[in-house]
>>> print(open('input.cif').read())   # mmCIF, C-alpha atoms
data_my_file
loop_
_atom_site.group_PDB
_atom_site.id
_atom_site.type_symbol
_atom_site.label_atom_id
_atom_site.label_comp_id
_atom_site.auth_asym_id
_atom_site.auth_seq_id
_atom_site.Cartn_x
_atom_site.Cartn_y
_atom_site.Cartn_z
ATOM 1 C CA MET V 16 -56.133 32.285 20.962
ATOM 2 C CA ILE V 17 -53.378 34.462 19.410
ATOM 3 C CA LEU V 18 -51.404 34.388 22.652
ATOM 4 C CA HIS V 19 -51.757 30.613 22.776
ATOM 5 C CA ARG V 20 -50.344 30.263 19.225
ATOM 6 C CA ARG V 21 -47.403 32.511 20.066
ATOM 7 C CA PHE V 22 -46.687 30.450 23.183
ATOM 8 C CA VAL V 23 -46.769 27.205 21.182
ATOM 9 C CA ARG V 24 -44.402 28.682 18.581
ATOM 10 C CA LEU V 25 -42.054 29.939 21.305
ATOM 11 C CA ARG V 26 -42.023 26.556 23.063
ATOM 12 C CA ARG V 27 -41.427 24.781 19.749
ATOM 13 C CA GLY V 28 -38.511 27.117 19.004
ATOM 14 C CA ILE V 29 -36.941 26.396 22.387
ATOM 15 C CA PHE V 30 -37.318 22.636 21.776
ATOM 16 C CA VAL V 31 -35.728 22.820 18.305
ATOM 17 C CA GLY V 32 -32.916 24.964 19.665
ATOM 18 C CA ALA V 33 -32.264 22.420 22.406
ATOM 19 C CA LEU V 34 -32.104 19.622 19.851
ATOM 20 C CA SER V 35 -29.604 21.612 17.783
ATOM 21 C CA PHE V 36 -27.454 22.168 20.866
ATOM 22 C CA LEU V 37 -27.587 18.463 21.649
ATOM 23 C CA ALA V 38 -26.529 17.616 18.101
ATOM 24 C CA VAL V 39 -23.501 19.908 18.343
ATOM 25 C CA GLY V 40 -22.560 18.416 21.706
ATOM 26 C CA TYR V 41 -22.774 14.922 20.249
ATOM 27 C CA ALA V 42 -20.736 15.783 17.188
ATOM 28 C CA THR V 43 -17.884 17.372 19.121
ATOM 29 C CA GLY V 44 -17.951 15.165 22.206
ATOM 30 C CA GLN V 45 -17.611 18.265 24.390
ATOM 31 C CA GLY V 46 -19.577 19.671 27.274
ATOM 32 C CA TRP V 47 -21.472 16.547 28.242
ATOM 33 C CA GLY V 48 -19.513 15.068 31.122
ATOM 34 C CA GLU V 49 -19.985 11.303 31.222
ATOM 35 C CA ASN V 50 -23.724 11.108 30.554
ATOM 36 C CA LEU V 51 -23.493 10.371 26.831
ATOM 37 C CA GLU V 52 -24.028 6.856 25.577
ATOM 38 C CA ARG V 53 -22.056 7.865 22.465
ATOM 39 C CA PHE V 54 -19.507 10.555 21.765
ATOM 40 C CA VAL V 55 -16.770 11.581 19.357
ATOM 41 C CA ASN V 56 -13.395 12.852 20.576
ATOM 42 C CA SER V 57 -11.180 15.522 19.022
ATOM 43 C CA LEU V 58 -9.543 12.993 16.657
ATOM 44 C CA GLY V 59 -12.890 11.851 15.297
ATOM 45 C CA MET V 60 -12.786 8.557 17.217
ATOM 46 C CA GLU V 61 -16.328 7.390 17.957
ATOM 47 C CA PHE V 62 -17.199 5.635 21.223
ATOM 48 C CA VAL V 63 -20.199 3.805 22.638
ATOM 49 C CA LEU V 64 -20.918 3.235 26.330
ATOM 50 C CA VAL V 65 -20.738 -0.457 27.277
ATOM 51 C CA LYS V 66 -22.653 -1.088 30.486
ATOM 52 C CA PRO V 67 -21.694 -3.554 33.240
ATOM 53 C CA GLY V 68 -22.931 -7.121 33.050
ATOM 54 C CA SER V 69 -21.986 -10.774 33.080
ATOM 55 C CA PHE V 70 -21.467 -13.343 30.339
ATOM 56 C CA LEU V 71 -19.998 -16.746 29.615
ATOM 57 C CA MET V 72 -16.486 -16.227 28.245
ATOM 58 C CA GLY V 73 -14.906 -18.948 26.141
ATOM 59 C CA SER V 74 -16.744 -21.618 24.172
ATOM 60 C CA PRO V 75 -18.758 -24.785 24.798
ATOM 61 C CA GLU V 76 -16.951 -28.034 24.064
ATOM 62 C CA ASN V 77 -19.181 -28.781 21.062
ATOM 63 C CA GLU V 78 -18.465 -25.517 19.228
ATOM 64 C CA PRO V 79 -16.851 -26.224 15.837
ATOM 65 C CA TYR V 80 -13.180 -25.214 15.577
ATOM 66 C CA ARG V 81 -12.964 -24.739 19.327
ATOM 67 C CA ASP V 82 -9.477 -24.597 20.894
ATOM 68 C CA SER V 83 -8.503 -26.051 24.249
ATOM 69 C CA ASP V 84 -7.624 -22.634 25.695
ATOM 70 C CA GLU V 85 -11.253 -21.448 25.520
ATOM 71 C CA THR V 86 -12.407 -22.844 28.888
ATOM 72 C CA LEU V 87 -15.986 -21.714 29.444
ATOM 73 C CA HIS V 88 -16.359 -19.590 32.592
ATOM 74 C CA ARG V 89 -18.539 -16.765 33.856
ATOM 75 C CA VAL V 90 -17.151 -13.244 33.883
ATOM 76 C CA ILE V 91 -18.707 -10.331 35.747
ATOM 77 C CA LEU V 92 -17.760 -6.842 34.579
ATOM 78 C CA THR V 93 -18.661 -4.380 37.314
ATOM 79 C CA ARG V 94 -17.698 -1.097 35.631
ATOM 80 C CA PRO V 95 -18.955 0.586 32.470
ATOM 81 C CA PHE V 96 -16.485 1.653 29.795
ATOM 82 C CA TYR V 97 -16.507 3.457 26.481
ATOM 83 C CA LEU V 98 -15.369 1.330 23.528
ATOM 84 C CA GLN V 99 -14.349 2.739 20.177
ATOM 85 C CA THR V 100 -17.000 1.770 17.635
ATOM 86 C CA THR V 101 -14.347 1.094 14.965
ATOM 87 C CA GLU V 102 -10.741 0.078 14.760
ATOM 88 C CA VAL V 103 -8.284 2.974 14.935
ATOM 89 C CA THR V 104 -8.003 4.286 11.383
ATOM 90 C CA GLN V 105 -4.960 5.273 9.390
ATOM 91 C CA ALA V 106 -6.138 8.906 9.431
ATOM 92 C CA GLN V 107 -6.532 8.899 13.217
ATOM 93 C CA TRP V 108 -3.086 7.379 13.699
ATOM 94 C CA ARG V 109 -1.475 9.837 11.288
ATOM 95 C CA SER V 110 -3.158 12.875 12.874
ATOM 96 C CA LEU V 111 -1.709 11.969 16.272
ATOM 97 C CA MET V 112 1.583 10.247 15.407
ATOM 98 C CA GLY V 113 2.539 12.105 12.221
ATOM 99 C CA SER V 114 3.136 8.970 10.143
ATOM 100 C CA ASN V 115 1.343 5.952 8.727
ATOM 101 C CA PRO V 116 2.961 2.521 9.254
ATOM 102 C CA SER V 117 0.240 0.620 7.377
ATOM 103 C CA HIS V 118 0.957 -1.794 4.554
ATOM 104 C CA ALA V 119 -2.413 -1.084 2.884
ATOM 105 C CA LYS V 120 -1.973 2.673 2.456
ATOM 106 C CA LYS V 121 -3.895 2.572 -0.832
ATOM 107 C CA CYS V 122 -6.930 1.447 1.156
ATOM 108 C CA GLY V 123 -7.279 5.027 2.448
ATOM 109 C CA GLY V 124 -7.518 7.013 5.658
ATOM 110 C CA ASP V 125 -10.775 5.321 6.729
ATOM 111 C CA CYS V 126 -9.134 1.900 6.706
ATOM 112 C CA PRO V 127 -7.728 0.457 9.924
ATOM 113 C CA VAL V 128 -4.145 1.237 10.786
ATOM 114 C CA GLU V 129 -2.112 -1.975 10.789
ATOM 115 C CA ARG V 130 1.465 -3.171 11.005
ATOM 116 C CA VAL V 131 1.563 -1.771 14.531
ATOM 117 C CA SER V 132 2.963 -3.708 17.482
ATOM 118 C CA TRP V 133 1.431 -3.849 20.949
ATOM 119 C CA TYR V 134 4.224 -1.501 22.045
ATOM 120 C CA ASP V 135 3.328 0.887 19.209
ATOM 121 C CA CYS V 136 -0.244 0.933 20.501
ATOM 122 C CA GLN V 137 1.050 1.966 23.917
ATOM 123 C CA LYS V 138 2.902 4.910 22.344
ATOM 124 C CA PHE V 139 -0.300 5.982 20.604
ATOM 125 C CA LEU V 140 -2.215 5.720 23.885
ATOM 126 C CA LYS V 141 0.402 7.721 25.779
ATOM 127 C CA ARG V 142 0.117 10.554 23.277
ATOM 128 C CA LEU V 143 -3.692 10.311 23.226
ATOM 129 C CA ASN V 144 -3.795 10.522 27.019
ATOM 130 C CA SER V 145 -1.586 13.621 26.927
ATOM 131 C CA LEU V 146 -4.417 15.525 25.207
ATOM 132 C CA GLY V 147 -6.239 15.670 28.535
ATOM 133 C CA ASP V 148 -9.731 14.636 27.399
ATOM 134 C CA GLY V 149 -9.920 11.327 29.254
ATOM 135 C CA ARG V 150 -8.018 8.180 30.103
ATOM 136 C CA TYR V 151 -7.549 5.771 27.186
ATOM 137 C CA ARG V 152 -6.206 2.192 27.089
ATOM 138 C CA LEU V 153 -6.566 -1.089 25.243
ATOM 139 C CA PRO V 154 -9.581 -3.214 26.192
ATOM 140 C CA THR V 155 -8.991 -6.212 28.407
ATOM 141 C CA GLU V 156 -9.583 -9.572 26.768
ATOM 142 C CA ALA V 157 -12.788 -9.976 28.787
ATOM 143 C CA GLU V 158 -14.071 -6.515 27.804
ATOM 144 C CA TRP V 159 -13.315 -7.287 24.171
ATOM 145 C CA GLU V 160 -15.246 -10.562 24.138
ATOM 146 C CA TYR V 161 -18.144 -9.074 26.125
ATOM 147 C CA ALA V 162 -18.507 -6.287 23.535
ATOM 148 C CA CYS V 163 -18.013 -8.708 20.630
ATOM 149 C CA ARG V 164 -20.835 -10.953 21.828
ATOM 150 C CA ALA V 165 -23.143 -7.988 22.542
ATOM 151 C CA GLY V 166 -25.472 -10.107 24.647
ATOM 152 C CA LYS V 167 -25.366 -13.210 22.444
ATOM 153 C CA SER V 168 -23.902 -16.665 23.135
ATOM 154 C CA THR V 169 -23.498 -17.746 19.507
ATOM 155 C CA ALA V 170 -20.163 -18.608 17.894
ATOM 156 C CA TYR V 171 -20.147 -15.377 15.857
ATOM 157 C CA PRO V 172 -21.723 -12.032 16.739
ATOM 158 C CA TRP V 173 -24.581 -12.688 14.279
ATOM 159 C CA GLY V 174 -25.136 -16.449 14.755
ATOM 160 C CA ASP V 175 -23.460 -19.839 14.427
ATOM 161 C CA ARG V 176 -22.529 -19.811 10.740
ATOM 162 C CA ILE V 177 -19.813 -17.820 9.041
ATOM 163 C CA ASP V 178 -21.090 -15.379 6.431
ATOM 164 C CA CYS V 179 -19.147 -13.314 3.858
ATOM 165 C CA THR V 180 -21.793 -10.578 4.045
ATOM 166 C CA ARG V 181 -21.308 -9.941 7.777
ATOM 167 C CA ALA V 182 -17.559 -9.381 8.119
ATOM 168 C CA MET V 183 -14.339 -9.004 6.108
ATOM 169 C CA PHE V 184 -12.443 -12.308 5.976
ATOM 170 C CA ARG V 185 -10.927 -14.628 3.370
ATOM 171 C CA ASN V 186 -10.359 -11.632 1.107
ATOM 172 C CA ASN V 187 -7.329 -13.306 -0.386
ATOM 173 C CA THR V 188 -6.988 -14.090 -4.092
ATOM 174 C CA ARG V 189 -4.330 -16.719 -3.376
ATOM 175 C CA ARG V 190 -6.367 -18.838 -0.942
ATOM 176 C CA GLY V 191 -8.845 -21.617 -1.739
ATOM 177 C CA THR V 192 -12.226 -21.850 -3.434
ATOM 178 C CA ASP V 193 -14.287 -20.813 -0.391
ATOM 179 C CA SER V 194 -13.069 -17.253 -0.795
ATOM 180 C CA CYS V 195 -15.125 -14.137 -0.062
ATOM 181 C CA VAL V 196 -13.340 -12.229 -2.847
ATOM 182 C CA PRO V 197 -16.354 -12.222 -5.243
ATOM 183 C CA TYR V 198 -18.550 -10.683 -2.542
ATOM 184 C CA VAL V 199 -15.856 -8.156 -1.654
ATOM 185 C CA ARG V 200 -15.624 -7.093 -5.283
ATOM 186 C CA SER V 201 -19.413 -6.830 -5.529
ATOM 187 C CA LYS V 202 -19.253 -4.231 -2.751
ATOM 188 C CA GLY V 203 -16.649 -2.218 -4.630
ATOM 189 C CA LEU V 204 -13.928 -3.067 -2.097
ATOM 190 C CA ARG V 205 -10.313 -4.029 -2.777
ATOM 191 C CA PRO V 206 -9.211 -7.698 -2.788
ATOM 192 C CA ASP V 207 -6.116 -8.615 -0.759
ATOM 193 C CA SER V 208 -6.701 -5.722 1.624
ATOM 194 C CA PRO V 209 -8.676 -4.712 4.678
ATOM 195 C CA ALA V 210 -11.794 -2.618 4.143
ATOM 196 C CA PRO V 211 -12.666 0.893 5.290
ATOM 197 C CA VAL V 212 -14.211 0.723 8.756
ATOM 198 C CA LYS V 213 -18.018 0.478 8.794
ATOM 199 C CA SER V 214 -18.074 -1.367 5.454
ATOM 200 C CA TYR V 215 -19.960 -4.229 7.146
ATOM 201 C CA PRO V 216 -22.961 -4.191 9.511
ATOM 202 C CA PRO V 217 -22.375 -3.415 13.200
ATOM 203 C CA ASN V 218 -23.160 -5.834 16.010
ATOM 204 C CA PRO V 219 -26.302 -5.292 18.152
ATOM 205 C CA TRP V 220 -24.484 -2.722 20.308
ATOM 206 C CA GLY V 221 -23.506 -0.598 17.320
ATOM 207 C CA ILE V 222 -19.843 -1.686 17.208
ATOM 208 C CA PHE V 223 -18.219 -2.346 13.838
ATOM 209 C CA ASP V 224 -15.650 -4.941 12.742
ATOM 210 C CA MET V 225 -15.248 -6.674 16.088
ATOM 211 C CA THR V 226 -14.559 -9.713 13.970
ATOM 212 C CA GLY V 227 -12.720 -9.603 10.667
ATOM 213 C CA ASN V 228 -10.920 -6.767 8.890
ATOM 214 C CA VAL V 229 -7.840 -6.754 11.178
ATOM 215 C CA TRP V 230 -6.857 -8.613 14.317
ATOM 216 C CA GLU V 231 -6.991 -6.385 17.394
ATOM 217 C CA TRP V 232 -4.456 -6.183 20.200
ATOM 218 C CA VAL V 233 -5.899 -6.279 23.716
ATOM 219 C CA GLU V 234 -4.247 -5.444 27.018
ATOM 220 C CA ASP V 235 -3.776 -8.937 28.477
ATOM 221 C CA TRP V 236 -0.814 -11.254 28.519
ATOM 222 C CA TYR V 237 -1.804 -14.642 27.158
ATOM 223 C CA GLY V 238 -2.537 -17.330 29.740
ATOM 224 C CA PRO V 239 -5.043 -20.050 30.744
ATOM 225 C CA TYR V 240 -8.579 -19.169 31.744
ATOM 226 C CA PRO V 241 -9.941 -19.920 35.221
ATOM 227 C CA ARG V 242 -12.757 -22.412 35.614
ATOM 228 C CA SER V 243 -14.739 -20.451 38.190
ATOM 229 C CA THR V 244 -16.512 -17.081 38.102
ATOM 230 C CA VAL V 245 -14.219 -14.030 37.996
ATOM 231 C CA ARG V 246 -14.791 -10.290 38.318
ATOM 232 C CA ASP V 247 -13.095 -7.764 36.045
ATOM 233 C CA PRO V 248 -10.268 -10.112 34.964
ATOM 234 C CA LYS V 249 -7.073 -8.618 33.541
ATOM 235 C CA GLY V 250 -5.182 -11.748 32.562
ATOM 236 C CA PRO V 251 -1.854 -12.954 33.985
ATOM 237 C CA PRO V 252 0.441 -10.355 35.617
ATOM 238 C CA SER V 253 3.238 -11.166 33.162
ATOM 239 C CA GLY V 254 4.070 -13.317 30.173
ATOM 240 C CA SER V 255 5.826 -13.490 26.828
ATOM 241 C CA GLN V 256 2.900 -13.009 24.429
ATOM 242 C CA LYS V 257 0.026 -10.545 24.198
ATOM 243 C CA VAL V 258 -3.465 -11.545 23.081
ATOM 244 C CA ARG V 259 -4.923 -10.636 19.684
ATOM 245 C CA ARG V 260 -8.610 -11.049 18.911
ATOM 246 C CA GLY V 261 -11.126 -11.068 16.095
ATOM 247 C CA GLY V 262 -9.511 -12.553 12.984
ATOM 248 C CA SER V 263 -8.713 -10.584 9.841
ATOM 249 C CA TRP V 264 -9.338 -10.094 6.133
ATOM 250 C CA PHE V 265 -6.512 -12.484 5.271
ATOM 251 C CA LYS V 266 -7.519 -15.956 6.439
ATOM 252 C CA PHE V 267 -10.208 -18.333 7.591
ATOM 253 C CA GLY V 268 -13.698 -17.576 8.796
ATOM 254 C CA PHE V 269 -13.451 -19.689 11.936
ATOM 255 C CA TYR V 270 -10.848 -17.252 13.282
ATOM 256 C CA LEU V 271 -13.765 -14.816 13.617
ATOM 257 C CA ARG V 272 -15.455 -16.802 16.390
ATOM 258 C CA CYS V 273 -16.090 -14.581 19.434
ATOM 259 C CA ALA V 274 -14.144 -16.991 21.666
ATOM 260 C CA ASN V 275 -11.160 -17.485 19.368
ATOM 261 C CA ARG V 276 -7.819 -16.438 20.880
ATOM 262 C CA ASN V 277 -4.533 -15.642 19.204
ATOM 263 C CA ARG V 278 -1.287 -14.365 20.681
ATOM 264 C CA SER V 279 2.008 -12.896 19.559
ATOM 265 C CA HIS V 280 5.103 -11.258 20.969
ATOM 266 C CA PRO V 281 4.214 -7.616 21.753
ATOM 267 C CA ALA V 282 6.971 -6.304 19.451
ATOM 268 C CA VAL V 283 5.754 -7.951 16.227
ATOM 269 C CA ARG V 284 4.091 -5.966 13.457
ATOM 270 C CA TYR V 285 1.658 -7.714 11.116
ATOM 271 C CA ARG V 286 -0.166 -6.201 8.174
ATOM 272 C CA THR V 287 -3.242 -8.029 9.483
ATOM 273 C CA THR V 288 -3.218 -6.518 13.001
ATOM 274 C CA GLY V 289 -4.463 -3.218 14.391
ATOM 275 C CA PHE V 290 -6.414 -2.194 17.488
ATOM 276 C CA ARG V 291 -9.290 -0.216 18.978
ATOM 277 C CA VAL V 292 -9.274 1.630 22.281
ATOM 278 C CA VAL V 293 -11.267 2.038 25.468
ATOM 279 C CA ARG V 294 -11.932 5.366 27.140
ATOM 280 C CA GLU V 295 -12.387 4.722 30.820
ATOM 281 C CA TYR V 296 -15.593 5.713 32.565
ATOM 282 C CA PRO V 297 -14.734 7.764 35.669
#
>>> encode(input="input.cif", output="structure tokens")
Amino acid sequence: MILHRRFVRLRRGIFVGALSFLAVGYATGQGWGENLERFVNSLGMEFVLVKPGSFLMGSPENEPYRDSDETLHRVILTRPFYLQTTEVTQAQWRSLMGSNPSHAKKCGGDCPVERVSWYDCQKFLKRLNSLGDGRYRLPTEAEWEYACRAGKSTAYPWGDRIDCTRAMFRNNTRRGTDSCVPYVRSKGLRPDSPAPVKSYPPNPWGIFDMTGNVWEWVEDWYGPYPRSTVRDPKGPPSGSQKVRRGGSWFKFGFYLRCANRNRSHPAVRYRTTGFRVVREYP
């Protein structure tokens, strides 16, 4: 009986020790190859594994505020990828680039970096890739929308109605009576500013601020959608404007629709635009 108790205690100790080791591995993002569904890199950037699948990209013709460039078509993504669970923060940008270009510096290090161009994002990615802990890039437009929808076909990640409690938008004291400013203030957040990442609930896949807070650059040149099924699309081979997705704190709620598309010259810098990154799955 005594030997049995000692064996149980020993086995329990081994189990607890293994859990502690797992927790350290998760926190540092080291030593776990590519088997983690979540990890944190050396800059504190958190990632979640997005598995392959298919979805309808674009919007149905009866969706309110729909634009003509949102042709509904099926997309098949054949490869998994790791997507950052938040937008790149001011602290993460500063730790790698040595400066902070953001307009909303008073928002703090946990707020998204903004006022960065698409070209600036490429400089960040080049330096991030030089660290040697994986291959990083911007998400494609299809990857972005797939992760935004998180298995849903509704207009917004949470349903078909805009909601001030689900994302940061219309946080502008100079715009209209349908403002979200009172709700923002009730949360102790700053008006006329983005919010710290993770201030609002994540989508069903555990990804924060896919809509609202700041627009996000993606990899693709802007162009028309196909009408037939496509696999792993990457957009046109060239163009004059890069795609931005997700809407921002500054303006209207309908910009937060999963299918909504925006585009700008890759050299422009807006105080409403940032980005998040993909780490490629080998």
>>> atom_distance(input="input.cif", atom1="CA of Asn144 in chain V", atom2="CA of Glu52 in chain V")
20.6 Å
>>> resolve_selection(input="input.cif", expression="the PyMOL selection byres ((chain V and resi 258) around 12)", output="PyMOL selection string")
chain V and resi 132-133+153-157+159-160+230-239+249-251+254-257+259-262+275-281+288+290
>>> residues_near_point(input="input.cif", point="(-13.3, -13.9, -2.2)", cutoff="12 Å", atoms="only C-alpha atoms", output="count of residues only")
33
>>> resolve_selection(input="input.cif", expression="the PyMOL selection byres ((chain V and resi 69-84) around 12)", output="number ranges by chain")
V: 65-68, 85-95, 156-171, 175-177, 237-248, 267-278
>>> residues_near_point(input="input.cif", point="(-4.7, -0.7, 3.8)", cutoff="9 Å", atoms="all atoms listed in the file", output="ChimeraX atom specification")
/V:105,117-124,126-129,208-211,286
>>> atom_distance(input="input.cif", atom1="CA of Thr104 in chain V", atom2="CA of Tyr296 in chain V")
22.5 Å
>>> resolve_selection(input="input.cif", expression="the PyMOL selection byres ((chain V and resi 108-113) around 9)", output="ChimeraX atom specification")
/V:58,103-107,114-116,124,128,138-139,142-143
>>> closest_residue(input="input.cif", among="V:Arg150, V:Val63, V:Ala182, V:Ser253", to="Pro297 in chain V", atoms="only C-alpha atoms")
V:Arg150
